[in-house]
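A.B. asks: There's a structure below that I have some questions on.
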Amino acid sequence: MLSLNPLVAVELQYIDRNGRVARVRQRYPSSTSVETLAAIATEIAGAIDGVTSAALQEISISYRLSDSDPPAPTSESEAAEAAALFYRNGEDYDAFYIPAPLPELWETSGPYAGCRIDTSNPAVLSLVGQLNLALAAPAGWVFLALGGEYVVGGRAI
Amino acid sequence: MALGMVPVGEVTLSFVDHNGRVGKTSYNFLASNTIADVQDAAEEIGAALVATSGAALQAINITYKLSDPAITPASAAADSDVFRKMSISFEGATPNLKSRIEVPSPLQSFFPLGSEYADPTVGAVATLIATVLNPTLGAGTGPVTASGADLTKQVGRVKEIGRRNT
């Protein structure tokens with residue numbers, strides 16, 4: 001079961017005249033809000049500004065959920081392989097990838113057998129349902145592609 | 001220094017296969033949402049993904065960013081070099097509780113000629129130390145170690161790490 005790690009990483013990314021990048025990392029309790037962490041990072045960046053000749057380029061705030069006792073992967077699982085599930089994002093298509101897809105996800109007949117996701121597969125339907133739920137959330141809080149529509153997906157390696 | 005919140009954050013789900021190799025998938029979210037809302041959605045999507053993948057879900061990272069797209073290498077000083085760093089160490093009241101912050105490309109003026117140590121009690125270095133140790137930062141805890149314990153005492157040594165070639 002995933003749980004939120006007790007610490008959140010705040011990274012300040014600096015760039016020098018040659019375009020090389022270095023990061024300053026600090027950790028804070030994950031109960032701290034994004035707004036508070038952004039204010040903390042900005043204050044520390046202000047103090048670093050008086051000490052460095054590099055330029056601050058970016059601040060990132062990363063929360064992490066992890067499983068202390070993760071389930072074992074199947075013996076055939078292959079992380080280098082992924083299945084792409086395409087969705088409309090305005091005029092464009094974006095892909096959502098399924099890492100190490102189960103063999104039963106693929107179509108078994110027709111010209112795309114073995115290389116295209118079977119969108120009638122119950123697990124695929126469930127995933128699409130969750131993604132659409134996020135797309136259709138009233139506040140539009142997940143995904144940029146509001147009202148996106150999932151279409152067939154193919155193999156991506 | 002005027003970094004603004006990037007309107008879109010990113011959720012990355014990491015899976016590990018039977019050979020220990022890691023595969024990742026990611027999607028964007030609107031950064032105006034709270035971490036709790038994003039976390040809930042990420043866990044639901046992660047659970048649905050697990051049913052489609054032979055790999056094991058290892059972790060979910062939720063990242064917000066602040067940036068200034070106008071910053072380029074030309075924004076840095078001509079003599080800047082991020083491979084040169086100034087290390088400031090801290091220690092807590094508990095023995096062996098230590099942490100440090102490494103400032104890239106420290107200004108040369110803080111280091112007396114021939115010395116690799118700066119005086120931590122004067123100027124902008126002292127301001128930086130005071131800021132990092134400010135108990136009002138970090139929701140009242142100050143910087144923390146991996147164990148989550150507070151660091152309250154500064155070791156008092158500021159060292160420039162030697163130049164590295166790439």
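Lettering and numbering for the structure tokens are positional, with chains as A, B, ... in the shown order, residues counted from 1 in each chain, and ligands counted from 1 in the shown order.
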List every residue of stretch 25-84 of chain A that DSSP, applied to the backbone of this structure, assigns to strand (DSSP E), and report them as a list in words.
C.D. replies: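 Secondary structure check on stretch 25-84 of chain A, strand (DSSP E): Arg25, Gln26, Arg27, Tyr28, Pro29, Ala55, Leu56, Gln57, Glu58, Ile59, Ser60, Ile61, Ser62, Tyr63, Arg64, Leu65, Ser66, Asp67, Ala82, Ala83 and Ala84 of chain A.
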A.B. asks: May I have the residues within 6 Å of B:Thr25 as a list in words, using only C-alpha atoms and disregarding those fewer than 2 positions away in the same chain?
C.D. replies: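 That gives Tyr97 of chain A; Thr12 and Leu13 of chain B.
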A.B. asks: Any chance you could export the current selection's N, CA and C atoms as a PDB file, in the first residue's frame?
C.D. replies:
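Resulting contents of part33.pdb:
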```
ATOM      1  N   TYR A  97       1.080   6.197 -21.120  1.00  0.00           N
ATOM      2  CA  TYR A  97       1.768   4.915 -21.305  1.00  0.00           C
ATOM      3  C   TYR A  97       1.494   3.932 -20.165  1.00  0.00           C
TER       4      TYR A  97
ATOM      5  N   THR B  12       4.440  11.337 -11.809  1.00  0.00           N
ATOM      6  CA  THR B  12       5.192  10.251 -12.444  1.00  0.00           C
ATOM      7  C   THR B  12       5.017   8.984 -11.624  1.00  0.00           C
ATOM      8  N   LEU B  13       4.576   7.917 -12.291  1.00  0.00           N
ATOM      9  CA  LEU B  13       4.403   6.625 -11.618  1.00  0.00           C
ATOM     10  C   LEU B  13       5.542   5.711 -12.066  1.00  0.00           C
TER      11      LEU B  13
END
```
A.B. asks: Just want the 6 Å neighbourhood of A:Ala95, counted on only C-alpha atoms, with same-chain residues fewer than 2 positions away dropped. Output as JSON, numbers by chain.
C.D. replies: {"A": [84, 85, 86]}
A.B. asks: Could you dump the residues just selected with C-alpha atoms as a PDB file, in the first residue's frame?
C.D. replies:
```pdb
ATOM      1  CA  ALA A  84       0.346   3.789 -25.447  1.00  0.00           C
ATOM      2  CA  LEU A  85      -3.223   4.846 -24.787  1.00  0.00           C
ATOM      3  CA  PHE A  86      -3.941   7.928 -26.851  1.00  0.00           C
TER       4      PHE A  86
END
```
A.B. asks: What is the atom CA of A:Asn5 to atom CA of B:Ala47 distance in Å?
C.D. replies: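 Result for atom CA of A:Asn5 versus atom CA of B:Ala47: 18.1 Å, one decimal.
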A.B. asks: DSSP on the backbone: what in stretch 20-126 of chain B comes out helix (DSSP H, G or I), as a list in words?
C.D. replies: Ile35, Ala36, Asp37, Val38, Gln39, Asp40, Ala41, Ala42, Glu43, Glu44, Ile45, Gly46, Ala47, Ala48, Leu49, Val50, Pro73, Ala74, Ser75, Gln108, Ser109, Phe110, Gly123, Ala124, Val125 and Ala126 of chain B
A.B. asks: To one decimal place in Å, what is the distance between atom CA of B:Glu43 and atom CA of A:Thr42?
C.D. replies: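 Atom CA of A:Thr42 lies 29.7 Å from atom CA of B:Glu43.
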A.B. asks: How many Å lie between atom CA of B:Pro104 and atom CA of A:Val24, rounded to one decimal?
C.D. replies: 7.8 Å
